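In what follows, a structure is listed as structure tokens, so that the remarks can point back to it.
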Protein chains: 4
Amino acid sequence: MLTELKREAYEANIALPKHGLINLTFGNASAIDRRKGIFAIKPSGVGYDALSPSDMVLVDLAGKKVEGDLKPSSDAPTHRRLYNGFKKIGGVVHTHSTHATAFAQAGMAIPIFGTTHADYFDGDIPVTRKLTAMEIEDAYELATGAVIIERFLADDLDPLDFPGVLVNRHGPFSWGATVAKAVEAAVALECVAHMAQMTMELAPRLKTIEPELLEKHFGRKHGPGAYYGQK
Amino acid sequence: MLTELKREAYEANIALPKHGLINLTFGNASAIDRRKGIFAIKPSGVGYDALSPSDMVLVDLAGKKVEGDLKPSSDAPTHRRLYNGFKKIGGVVHTHSTHATAFAQAGMAIPIFGTTHADYFDGDIPVTRKLTAMEIEDAYELATGAVIIERFLADDLDPLDFPGVLVNRHGPFSWGATVAKAVEAAVALECVAHMAQMTMELAPRLKTIEPELLEKHFGRKHGPGAYYGQK
Amino acid sequence: MLTELKREAYEANIALPKHGLINLTFGNASAIDRRKGIFAIKPSGVGYDALSPSDMVLVDLAGKKVEGDLKPSSDAPTHRRLYNGFKKIGGVVHTHSTHATAFAQAGMAIPIFGTTHADYFDGDIPVTRKLTAMEIEDAYELATGAVIIERFLADDLDPLDFPGVLVNRHGPFSWGATVAKAVEAAVALECVAHMAQMTMELAPRLKTIEPELLEKHFGRKHGPGAYYGQK
Amino acid sequence: MLTELKREAYEANIALPKHGLINLTFGNASAIDRRKGIFAIKPSGVGYDALSPSDMVLVDLAGKKVEGDLKPSSDAPTHRRLYNGFKKIGGVVHTHSTHATAFAQAGMAIPIFGTTHADYFDGDIPVTRKLTAMEIEDAYELATGAVIIERFLADDLDPLDFPGVLVNRHGPFSWGATVAKAVEAAVALECVAHMAQMTMELAPRLKTIEPELLEKHFGRKHGPGAYYGQK
């Protein structure tokens, strides 16, 4: 069932260590079939070397396991909350990549200092508030998804214009129209986090990018006037 | 004799350079058979490329070589002291991984700033006191194990809740129920050391993680309420 | 047509991720045939794994596509502007390599602190001014090339003595007598950017290299008195 | 002629990029036959991929090329000066490895903060004075060797107790009883440079290692009481 979806989710999962975003089993990726309302996600705590497409676990948008011999990632409720809140996304990726996690731990948004960042995000990469003790206690992983949604609603951010976020004290989540795009956003997010920290060391009081340059670069790749790539 | 134990120790040793934790011959891993009271450890100063499972040296808990053509790692007395002091551990790993060693050299515990850290350690990663001139002179490697035990006794730390430590002026040791778990702890320790230093540069006065989030994340993976992984 | 030129451009493009200068599709290389006034450049947004020599797009110095099924890199007008402005160069490379981009984002030239830098550049690696809103709006990629030329004219810099530049808020461009030399300059540029930042952290008020040492090292490799290499 | 010597020098040269110490052609290694007074060194400016053992150039201690189709490394006079000044060494390595070069550019010795460093060097890794304009002009590469010797004579340092140095504004040179040992010292030097810089960021006013711990660790590996390794 949903063999192609499982293959896509599998490919995204094994791409994460290849891009240097993941050590051990620190991360996971999922892909959703919107018509069926089912997503395929990495099984919990299984090493990337041992993974095969058929290991992907199918879960529906109410959180029920639909197919799979293994337990889904413990972060499955976060993925589910994101799929329910962001209707346009087709895939979700979670990593603990080093530099993005450093910003998340510091509780700081990643300031947008240049065009590498502007090619993927239409502004600073947002950071969520911390979870309350009650949220942590009650339904931790679901609440992790909920504070992300809350953060996006508060500033009316479009999840496809900001394909990632830092969860405070935790690390990055990213997404996209497809799970392959979510992987790409995860790579870009780590890369711009690294560059931003280096930039801040060189120029501690630097202002963020000029609005016209942000608009130009983001617009080259996204939206009706895009002219980057082969379409 | 103890072919499987030697294979486990061998696998752990060669995993260390693969994870980028070791240059040259800066490190070693061992695995113990608790019933026999014998551990298998890397031979001293042999390159990882040249290693085979049968090169592992068998040593008993009194420090006597039981089998092996080669001399055991010069750190064998440290491993032995840890096996004698921490009855629940099944494997020990020692590396000089860059960021963990930086904290060790600075004589600083690694502050717990986020969930990556909380997935593996139930608090700051402790650092030992310095050895005295007499300890260094008398039985240096054994004393290295002894100050680790001393540090854990002083704060009544459970070695499975804190599967690693920084030896002052030296570097990290880690352990676990199995030597494979000890390798995993060594990877996590280096990773959180790197993240912690980056975090401190971004936010020099940051407080450590909230207790409820620590409890949640550590508890997801460890103890009776654990729900991470496939068990 | 121009099969050898396309192969050279292709080799240069795939060398970029091999040297760790590029993530995803963040960069491009081109090579020019000066007699024909045509350059071969990477197609836009195509992954390096999927690339073949025949994918290279041929563009003339007026900006007209001469051959190719795919759209050229969106940065093609920048390459073209550089070929028109710097008559001696035979290849151009653009990356978003981490440390060079950090300096570009900070709007800082890379100070010349040692002989690694002096082997490739005859002084600090220059940084352009920012583009104006109008330049960004009108013909962004062409204007990117124009501010590079402007920067070189302002200080009368020879592009072969300074085979690279940082575009403010953006990242590095490099070039050379051949596209292989442009790749080499891109590697050197990232390397010296990394070293310079580390050096500045160790010695924040350090002066740049003594003129006689710069002259010696640059002269060892370049110009009439060169004695490095096999010629 | 001297086929085995050329093979040793070749192996050492190709080990440098494998250890991540070298980009492009930024470095070289040589090995000497003390009875013949001839050393084998990398040819100048030849890529590591293209190298073969028979490309090694044989040079005598007066600087005369004895055998070889190619020009020797432009740094050959530095190697020669070191062989003439340090009678006990059998091999020399030069790299521009990132962190060691940062210290060299800053004109700072690498402070000895821990046992990783003490395993290889019997104290801080020294840095030379800067060359004078006249030295640079007259016989630059020979003078580079001469300031190293001068630095060691000034403090009566034994080159086997300090198997490496930083040349001011330039980068590291290392050596050993064999060229394989010189490579090992180059790896250790870069590694401890990286650790030292990280340590200084964590603890800017940290004192260097206690003398008794230095003596113990250095003595474990070197000298009459050594017990590390298989001899």
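Residue numbering restarts at 1 for every chain of the structure tokens, chains are lettered A, B, ... in their displayed order, and ligands are numbered from 1 as they appear.
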Quiz item: Among range 81-175 of chain D, which ones does DSSP place in helix (DSSP H, G or I), written as a ChimeraX atom specification?
Solution: /D:81-85,98-106,115-118,133-154
Write the residues of the selection above to a file with N, CA and C atoms, as a short mmCIF file (atom, residue, chain, number, x, y, z; two decimals), in the first residue's frame.
data_model
loop_
_atom_site.label_atom_id
_atom_site.label_comp_id
_atom_site.auth_asym_id
_atom_site.auth_seq_id
_atom_site.Cartn_x
_atom_site.Cartn_y
_atom_site.Cartn_z
N ARG D 81 67.62 22.59 4.68
CA ARG D 81 68.16 23.30 5.85
C ARG D 81 67.81 22.55 7.14
N LEU D 82 66.60 21.98 7.19
CA LEU D 82 66.18 21.23 8.38
C LEU D 82 66.99 19.94 8.52
N TYR D 83 67.21 19.25 7.41
CA TYR D 83 68.03 18.01 7.48
C TYR D 83 69.45 18.33 7.93
N ASN D 84 69.99 19.46 7.47
CA ASN D 84 71.34 19.83 7.88
C ASN D 84 71.39 20.26 9.35
N GLY D 85 70.34 20.89 9.82
CA GLY D 85 70.35 21.40 11.19
C GLY D 85 69.92 20.38 12.23
N THR D 98 44.48 24.17 8.31
CA THR D 98 43.73 25.39 8.65
C THR D 98 44.04 25.97 10.03
N HIS D 99 43.92 25.16 11.06
CA HIS D 99 44.01 25.73 12.41
C HIS D 99 45.46 26.01 12.80
N ALA D 100 46.37 25.16 12.37
CA ALA D 100 47.78 25.41 12.62
C ALA D 100 48.21 26.69 11.90
N THR D 101 47.73 26.86 10.69
CA THR D 101 48.07 28.07 9.93
C THR D 101 47.49 29.32 10.58
N ALA D 102 46.31 29.20 11.17
CA ALA D 102 45.74 30.37 11.86
C ALA D 102 46.67 30.83 12.99
N PHE D 103 47.19 29.88 13.77
CA PHE D 103 48.15 30.25 14.82
C PHE D 103 49.42 30.85 14.20
N ALA D 104 49.90 30.24 13.12
CA ALA D 104 51.11 30.75 12.46
C ALA D 104 50.90 32.18 11.97
N GLN D 105 49.75 32.42 11.36
CA GLN D 105 49.46 33.76 10.85
C GLN D 105 49.37 34.77 11.98
N ALA D 106 48.82 34.32 13.11
CA ALA D 106 48.70 35.21 14.28
C ALA D 106 50.04 35.38 14.98
N THR D 115 46.40 16.48 27.28
CA THR D 115 47.23 15.30 27.05
C THR D 115 47.35 14.93 25.58
N THR D 116 46.40 15.34 24.74
CA THR D 116 46.52 15.07 23.30
C THR D 116 47.80 15.73 22.79
N HIS D 117 47.97 16.96 23.21
CA HIS D 117 49.17 17.73 22.85
C HIS D 117 50.42 17.10 23.49
N ALA D 118 50.30 16.73 24.76
CA ALA D 118 51.45 16.18 25.50
C ALA D 118 51.90 14.82 24.98
N ALA D 133 63.21 41.51 5.63
CA ALA D 133 63.07 41.78 4.20
C ALA D 133 64.27 41.23 3.43
N MET D 134 65.45 41.33 4.04
CA MET D 134 66.65 40.84 3.36
C MET D 134 66.64 39.31 3.24
N GLU D 135 66.23 38.65 4.30
CA GLU D 135 66.14 37.17 4.24
C GLU D 135 65.14 36.72 3.17
N ILE D 136 64.03 37.44 3.10
CA ILE D 136 63.01 37.09 2.10
C ILE D 136 63.57 37.28 0.70
N GLU D 137 64.29 38.35 0.53
CA GLU D 137 64.83 38.70 -0.77
C GLU D 137 65.93 37.73 -1.22
N ASP D 138 66.83 37.42 -0.29
CA ASP D 138 68.05 36.69 -0.64
C ASP D 138 67.83 35.22 -0.99
N ALA D 139 67.34 34.48 -0.03
CA ALA D 139 67.21 33.03 -0.22
C ALA D 139 66.07 32.59 0.66
N TYR D 140 64.87 32.94 0.24
CA TYR D 140 63.67 32.84 1.08
C TYR D 140 63.47 31.46 1.69
N GLU D 141 63.51 30.42 0.87
CA GLU D 141 63.18 29.09 1.38
C GLU D 141 64.26 28.57 2.33
N LEU D 142 65.49 28.89 2.04
CA LEU D 142 66.57 28.48 2.92
C LEU D 142 66.45 29.22 4.26
N ALA D 143 66.15 30.51 4.18
CA ALA D 143 65.98 31.32 5.39
C ALA D 143 64.83 30.81 6.24
N THR D 144 63.80 30.27 5.59
CA THR D 144 62.67 29.70 6.32
C THR D 144 63.16 28.54 7.20
N GLY D 145 64.02 27.70 6.64
CA GLY D 145 64.62 26.64 7.45
C GLY D 145 65.52 27.21 8.54
N ALA D 146 66.24 28.26 8.21
CA ALA D 146 67.20 28.82 9.16
C ALA D 146 66.51 29.42 10.38
N VAL D 147 65.37 30.10 10.20
CA VAL D 147 64.69 30.67 11.38
C VAL D 147 64.10 29.57 12.27
N ILE D 148 63.79 28.44 11.65
CA ILE D 148 63.31 27.31 12.47
C ILE D 148 64.47 26.82 13.36
N ILE D 149 65.61 26.58 12.73
CA ILE D 149 66.78 26.12 13.49
C ILE D 149 67.13 27.14 14.59
N GLU D 150 67.13 28.41 14.22
CA GLU D 150 67.42 29.48 15.17
C GLU D 150 66.49 29.42 16.38
N ARG D 151 65.21 29.20 16.11
CA ARG D 151 64.22 29.14 17.19
C ARG D 151 64.52 27.97 18.13
N PHE D 152 64.94 26.84 17.56
CA PHE D 152 65.21 25.66 18.38
C PHE D 152 66.51 25.82 19.18
N LEU D 153 67.50 26.45 18.54
CA LEU D 153 68.76 26.69 19.26
C LEU D 153 68.55 27.67 20.41
N ALA D 154 67.75 28.70 20.17
CA ALA D 154 67.54 29.75 21.18
C ALA D 154 67.05 29.16 22.50
#
Self-check item: Within 7 Å of range 22-29 of chain C using only C-alpha atoms, minus same-chain residues under 6 positions, as a PyMOL selection string
Solution: chain C and resi 9+12-13+16+41-42+45-47+92-97
Exercise. Identify, on the basis of only C-alpha atoms, every residue whose closest approach to Lys36 in chain A does not exceed 10 Å; exclude the query and any residue fewer than 4 positions from it along the same chain; express the result as an NGL selection string.
Key: :A and (2 or 32 or 60-61)
Exercise. Point out the residue among D:Gly107, D:Gly37, D:Gly63, D:Pro77 with the least atom-to-atom distance to chain C, counting only C-alpha atoms.
Key: D:Gly107
Determine which residues of chain A sit within 12 Å of chain C, taking into account only C-alpha atoms, and present them as a PDB file with N, CA and C atoms, in the first residue's frame.
ATOM      1  N   ALA A  15      18.668  10.387   2.826  1.00  0.00           N
ATOM      2  CA  ALA A  15      19.408  11.565   2.365  1.00  0.00           C
ATOM      3  C   ALA A  15      19.945  12.380   3.544  1.00  0.00           C
ATOM      4  N   LYS A  18      23.459  11.454   4.595  1.00  0.00           N
ATOM      5  CA  LYS A  18      24.334  11.771   3.446  1.00  0.00           C
ATOM      6  C   LYS A  18      24.670  13.257   3.378  1.00  0.00           C
ATOM      7  N   HIS A  19      23.718  14.107   3.760  1.00  0.00           N
ATOM      8  CA  HIS A  19      23.958  15.558   3.762  1.00  0.00           C
ATOM      9  C   HIS A  19      24.630  16.022   5.050  1.00  0.00           C
ATOM     10  N   GLY A  20      24.998  15.070   5.933  1.00  0.00           N
ATOM     11  CA  GLY A  20      25.692  15.456   7.165  1.00  0.00           C
ATOM     12  C   GLY A  20      24.775  16.137   8.169  1.00  0.00           C
ATOM     13  N   PRO A 111      19.002  35.233  11.739  1.00  0.00           N
ATOM     14  CA  PRO A 111      18.843  36.480  10.989  1.00  0.00           C
ATOM     15  C   PRO A 111      19.207  36.274   9.521  1.00  0.00           C
ATOM     16  N   ILE A 112      18.504  36.950   8.645  1.00  0.00           N
ATOM     17  CA  ILE A 112      18.746  36.789   7.211  1.00  0.00           C
ATOM     18  C   ILE A 112      19.777  37.810   6.749  1.00  0.00           C
ATOM     19  N   PHE A 113      20.988  37.321   6.510  1.00  0.00           N
ATOM     20  CA  PHE A 113      22.101  38.214   6.196  1.00  0.00           C
ATOM     21  C   PHE A 113      22.483  38.234   4.715  1.00  0.00           C
ATOM     22  N   GLY A 114      21.972  37.276   3.927  1.00  0.00           N
ATOM     23  CA  GLY A 114      22.441  37.256   2.543  1.00  0.00           C
ATOM     24  C   GLY A 114      21.535  36.472   1.620  1.00  0.00           C
ATOM     25  N   THR A 115      22.016  36.306   0.389  1.00  0.00           N
ATOM     26  CA  THR A 115      21.168  35.733  -0.655  1.00  0.00           C
ATOM     27  C   THR A 115      21.029  34.218  -0.546  1.00  0.00           C
ATOM     28  N   THR A 116      21.987  33.539   0.084  1.00  0.00           N
ATOM     29  CA  THR A 116      21.841  32.090   0.272  1.00  0.00           C
ATOM     30  C   THR A 116      20.566  31.820   1.069  1.00  0.00           C
ATOM     31  N   HIS A 117      20.406  32.596   2.115  1.00  0.00           N
ATOM     32  CA  HIS A 117      19.223  32.518   2.969  1.00  0.00           C
ATOM     33  C   HIS A 117      17.969  32.936   2.183  1.00  0.00           C
ATOM     34  N   ALA A 118      18.085  34.027   1.437  1.00  0.00           N
ATOM     35  CA  ALA A 118      16.936  34.581   0.709  1.00  0.00           C
ATOM     36  C   ALA A 118      16.466  33.675  -0.424  1.00  0.00           C
ATOM     37  N   ASP A 119      17.340  32.775  -0.878  1.00  0.00           N
ATOM     38  CA  ASP A 119      16.918  31.825  -1.907  1.00  0.00           C
ATOM     39  C   ASP A 119      15.893  30.830  -1.371  1.00  0.00           C
ATOM     40  N   TYR A 120      15.844  30.661  -0.044  1.00  0.00           N
ATOM     41  CA  TYR A 120      14.971  29.629   0.531  1.00  0.00           C
ATOM     42  C   TYR A 120      13.925  30.147   1.500  1.00  0.00           C
ATOM     43  N   ALA A 180      11.076  15.762  -0.722  1.00  0.00           N
ATOM     44  CA  ALA A 180      12.390  16.106  -1.288  1.00  0.00           C
ATOM     45  C   ALA A 180      12.686  17.592  -1.084  1.00  0.00           C
ATOM     46  N   LYS A 181      11.669  18.416  -1.222  1.00  0.00           N
ATOM     47  CA  LYS A 181      11.829  19.862  -0.959  1.00  0.00           C
ATOM     48  C   LYS A 181      12.089  20.113   0.529  1.00  0.00           C
ATOM     49  N   VAL A 183      13.724  18.110   2.520  1.00  0.00           N
ATOM     50  CA  VAL A 183      15.146  17.783   2.722  1.00  0.00           C
ATOM     51  C   VAL A 183      16.008  18.963   2.268  1.00  0.00           C
ATOM     52  N   GLU A 184      15.680  19.504   1.094  1.00  0.00           N
ATOM     53  CA  GLU A 184      16.421  20.646   0.568  1.00  0.00           C
ATOM     54  C   GLU A 184      16.370  21.815   1.560  1.00  0.00           C
ATOM     55  N   ALA A 185      15.214  22.059   2.132  1.00  0.00           N
ATOM     56  CA  ALA A 185      15.080  23.149   3.108  1.00  0.00           C
ATOM     57  C   ALA A 185      15.912  22.859   4.355  1.00  0.00           C
ATOM     58  N   ALA A 186      16.000  21.589   4.740  1.00  0.00           N
ATOM     59  CA  ALA A 186      16.805  21.224   5.917  1.00  0.00           C
ATOM     60  C   ALA A 186      18.288  21.481   5.655  1.00  0.00           C
ATOM     61  N   VAL A 187      18.741  21.171   4.444  1.00  0.00           N
ATOM     62  CA  VAL A 187      20.137  21.436   4.066  1.00  0.00           C
ATOM     63  C   VAL A 187      20.395  22.940   4.071  1.00  0.00           C
ATOM     64  N   ALA A 188      19.494  23.690   3.448  1.00  0.00           N
ATOM     65  CA  ALA A 188      19.656  25.150   3.376  1.00  0.00           C
ATOM     66  C   ALA A 188      19.632  25.757   4.776  1.00  0.00           C
ATOM     67  N   LEU A 189      18.764  25.270   5.616  1.00  0.00           N
ATOM     68  CA  LEU A 189      18.623  25.814   6.966  1.00  0.00           C
ATOM     69  C   LEU A 189      19.928  25.640   7.756  1.00  0.00           C
ATOM     70  N   GLU A 190      20.522  24.448   7.696  1.00  0.00           N
ATOM     71  CA  GLU A 190      21.779  24.223   8.410  1.00  0.00           C
ATOM     72  C   GLU A 190      22.887  25.110   7.842  1.00  0.00           C
ATOM     73  N   CYS A 191      22.904  25.179   6.525  1.00  0.00           N
ATOM     74  CA  CYS A 191      23.926  25.969   5.845  1.00  0.00           C
ATOM     75  C   CYS A 191      23.833  27.442   6.222  1.00  0.00           C
ATOM     76  N   VAL A 192      22.651  28.015   6.211  1.00  0.00           N
ATOM     77  CA  VAL A 192      22.526  29.445   6.524  1.00  0.00           C
ATOM     78  C   VAL A 192      22.722  29.691   8.021  1.00  0.00           C
ATOM     79  N   ALA A 193      22.410  28.703   8.852  1.00  0.00           N
ATOM     80  CA  ALA A 193      22.690  28.852  10.283  1.00  0.00           C
ATOM     81  C   ALA A 193      24.198  28.977  10.502  1.00  0.00           C
ATOM     82  N   HIS A 194      24.963  28.100   9.847  1.00  0.00           N
ATOM     83  CA  HIS A 194      26.419  28.137   9.959  1.00  0.00           C
ATOM     84  C   HIS A 194      26.951  29.491   9.467  1.00  0.00           C
ATOM     85  N   MET A 195      26.521  29.887   8.285  1.00  0.00           N
ATOM     86  CA  MET A 195      26.970  31.176   7.729  1.00  0.00           C
ATOM     87  C   MET A 195      26.579  32.349   8.634  1.00  0.00           C
ATOM     88  N   ALA A 196      25.379  32.302   9.180  1.00  0.00           N
ATOM     89  CA  ALA A 196      24.902  33.421  10.007  1.00  0.00           C
ATOM     90  C   ALA A 196      25.760  33.552  11.261  1.00  0.00           C
ATOM     91  N   GLN A 197      26.109  32.420  11.870  1.00  0.00           N
ATOM     92  CA  GLN A 197      26.926  32.509  13.092  1.00  0.00           C
ATOM     93  C   GLN A 197      28.312  33.059  12.771  1.00  0.00           C
ATOM     94  N   MET A 198      28.899  32.596  11.653  1.00  0.00           N
ATOM     95  CA  MET A 198      30.213  33.106  11.244  1.00  0.00           C
ATOM     96  C   MET A 198      30.119  34.610  10.954  1.00  0.00           C
ATOM     97  N   THR A 199      29.042  35.020  10.285  1.00  0.00           N
ATOM     98  CA  THR A 199      28.846  36.430   9.943  1.00  0.00           C
ATOM     99  C   THR A 199      28.722  37.282  11.202  1.00  0.00           C
ATOM    100  N   MET A 200      27.978  36.782  12.179  1.00  0.00           N
ATOM    101  CA  MET A 200      27.787  37.523  13.424  1.00  0.00           C
ATOM    102  C   MET A 200      29.097  37.661  14.199  1.00  0.00           C
ATOM    103  N   GLU A 201      29.986  36.684  14.053  1.00  0.00           N
ATOM    104  CA  GLU A 201      31.288  36.805  14.710  1.00  0.00           C
ATOM    105  C   GLU A 201      32.142  37.881  14.033  1.00  0.00           C
ATOM    106  N   LEU A 202      32.005  37.981  12.713  1.00  0.00           N
ATOM    107  CA  LEU A 202      32.762  39.005  11.986  1.00  0.00           C
ATOM    108  C   LEU A 202      32.177  40.395  12.194  1.00  0.00           C
ATOM    109  N   ALA A 203      30.867  40.474  12.275  1.00  0.00           N
ATOM    110  CA  ALA A 203      30.189  41.783  12.296  1.00  0.00           C
ATOM    111  C   ALA A 203      29.004  41.710  13.254  1.00  0.00           C
ATOM    112  N   PRO A 204      29.289  41.840  14.568  1.00  0.00           N
ATOM    113  CA  PRO A 204      28.249  41.583  15.578  1.00  0.00           C
ATOM    114  C   PRO A 204      27.013  42.462  15.475  1.00  0.00           C
ATOM    115  N   ARG A 205      27.131  43.626  14.886  1.00  0.00           N
ATOM    116  CA  ARG A 205      25.960  44.512  14.860  1.00  0.00           C
ATOM    117  C   ARG A 205      25.373  44.668  13.459  1.00  0.00           C
ATOM    118  N   LEU A 206      25.646  43.705  12.605  1.00  0.00           N
ATOM    119  CA  LEU A 206      25.204  43.790  11.211  1.00  0.00           C
ATOM    120  C   LEU A 206      23.680  43.785  11.105  1.00  0.00           C
ATOM    121  N   LYS A 207      23.166  44.652  10.224  1.00  0.00           N
ATOM    122  CA  LYS A 207      21.725  44.632   9.935  1.00  0.00           C
ATOM    123  C   LYS A 207      21.400  43.506   8.950  1.00  0.00           C
ATOM    124  N   THR A 208      20.149  43.108   8.938  1.00  0.00           N
ATOM    125  CA  THR A 208      19.753  42.049   8.007  1.00  0.00           C
ATOM    126  C   THR A 208      19.611  42.621   6.595  1.00  0.00           C
ATOM    127  N   ILE A 209      19.378  41.711   5.672  1.00  0.00           N
ATOM    128  CA  ILE A 209      19.394  42.023   4.236  1.00  0.00           C
ATOM    129  C   ILE A 209      18.398  43.138   3.861  1.00  0.00           C
ATOM    130  N   GLU A 210      18.749  43.907   2.848  1.00  0.00           N
ATOM    131  CA  GLU A 210      17.870  44.954   2.354  1.00  0.00           C
ATOM    132  C   GLU A 210      16.618  44.306   1.738  1.00  0.00           C
ATOM    133  N   PRO A 211      15.427  44.894   1.982  1.00  0.00           N
ATOM    134  CA  PRO A 211      14.176  44.269   1.522  1.00  0.00           C
ATOM    135  C   PRO A 211      14.146  44.014   0.014  1.00  0.00           C
ATOM    136  N   GLU A 212      14.720  44.926  -0.764  1.00  0.00           N
ATOM    137  CA  GLU A 212      14.645  44.760  -2.228  1.00  0.00           C
ATOM    138  C   GLU A 212      15.478  43.565  -2.696  1.00  0.00           C
ATOM    139  N   LEU A 213      16.593  43.289  -1.996  1.00  0.00           N
ATOM    140  CA  LEU A 213      17.425  42.150  -2.385  1.00  0.00           C
ATOM    141  C   LEU A 213      16.759  40.837  -1.949  1.00  0.00           C
ATOM    142  N   LEU A 214      16.133  40.868  -0.784  1.00  0.00           N
ATOM    143  CA  LEU A 214      15.373  39.695  -0.323  1.00  0.00           C
ATOM    144  C   LEU A 214      14.272  39.367  -1.326  1.00  0.00           C
ATOM    145  N   GLU A 215      13.527  40.382  -1.685  1.00  0.00           N
ATOM    146  CA  GLU A 215      12.406  40.173  -2.602  1.00  0.00           C
ATOM    147  C   GLU A 215      12.891  39.611  -3.934  1.00  0.00           C
ATOM    148  N   LYS A 216      14.003  40.188  -4.434  1.00  0.00           N
ATOM    149  CA  LYS A 216      14.550  39.741  -5.712  1.00  0.00           C
ATOM    150  C   LYS A 216      14.955  38.257  -5.650  1.00  0.00           C
ATOM    151  N   HIS A 217      15.752  37.894  -4.624  1.00  0.00           N
ATOM    152  CA  HIS A 217      16.273  36.532  -4.581  1.00  0.00           C
ATOM    153  C   HIS A 217      15.192  35.508  -4.281  1.00  0.00           C
ATOM    154  N   GLY A 219      12.097  35.894  -4.907  1.00  0.00           N
ATOM    155  CA  GLY A 219      11.235  35.894  -6.090  1.00  0.00           C
ATOM    156  C   GLY A 219      11.832  35.179  -7.299  1.00  0.00           C
ATOM    157  N   ARG A 220      13.185  35.151  -7.389  1.00  0.00           N
ATOM    158  CA  ARG A 220      13.822  34.410  -8.494  1.00  0.00           C
ATOM    159  C   ARG A 220      13.448  32.935  -8.473  1.00  0.00           C
ATOM    160  N   LYS A 221      13.256  32.403  -7.256  1.00  0.00           N
ATOM    161  CA  LYS A 221      13.028  30.961  -7.106  1.00  0.00           C
ATOM    162  C   LYS A 221      11.573  30.600  -6.812  1.00  0.00           C
ATOM    163  N   ALA A 226       9.086  33.638 -10.842  1.00  0.00           N
ATOM    164  CA  ALA A 226      10.307  32.847 -10.685  1.00  0.00           C
ATOM    165  C   ALA A 226      10.944  32.539 -12.037  1.00  0.00           C
ATOM    166  N   TYR A 227      12.270  32.638 -12.107  1.00  0.00           N
ATOM    167  CA  TYR A 227      12.946  32.275 -13.352  1.00  0.00           C
ATOM    168  C   TYR A 227      14.168  31.403 -13.118  1.00  0.00           C
ATOM    169  N   TYR A 228      14.330  30.892 -11.886  1.00  0.00           N
ATOM    170  CA  TYR A 228      15.409  29.959 -11.576  1.00  0.00           C
ATOM    171  C   TYR A 228      14.947  28.548 -11.915  1.00  0.00           C
ATOM    172  N   GLY A 229      15.893  27.693 -12.349  1.00  0.00           N
ATOM    173  CA  GLY A 229      15.542  26.314 -12.661  1.00  0.00           C
ATOM    174  C   GLY A 229      15.017  26.166 -14.077  1.00  0.00           C
ATOM    175  N   GLN A 230      14.455  24.996 -14.377  1.00  0.00           N
ATOM    176  CA  GLN A 230      14.127  24.648 -15.763  1.00  0.00           C
ATOM    177  C   GLN A 230      12.661  24.829 -16.123  1.00  0.00           C
ATOM    178  N   LYS A 231      11.837  25.393 -15.211  1.00  0.00           N
ATOM    179  CA  LYS A 231      10.422  25.559 -15.567  1.00  0.00           C
ATOM    180  C   LYS A 231      10.108  27.012 -15.916  1.00  0.00           C
TER     181      LYS A 231
END
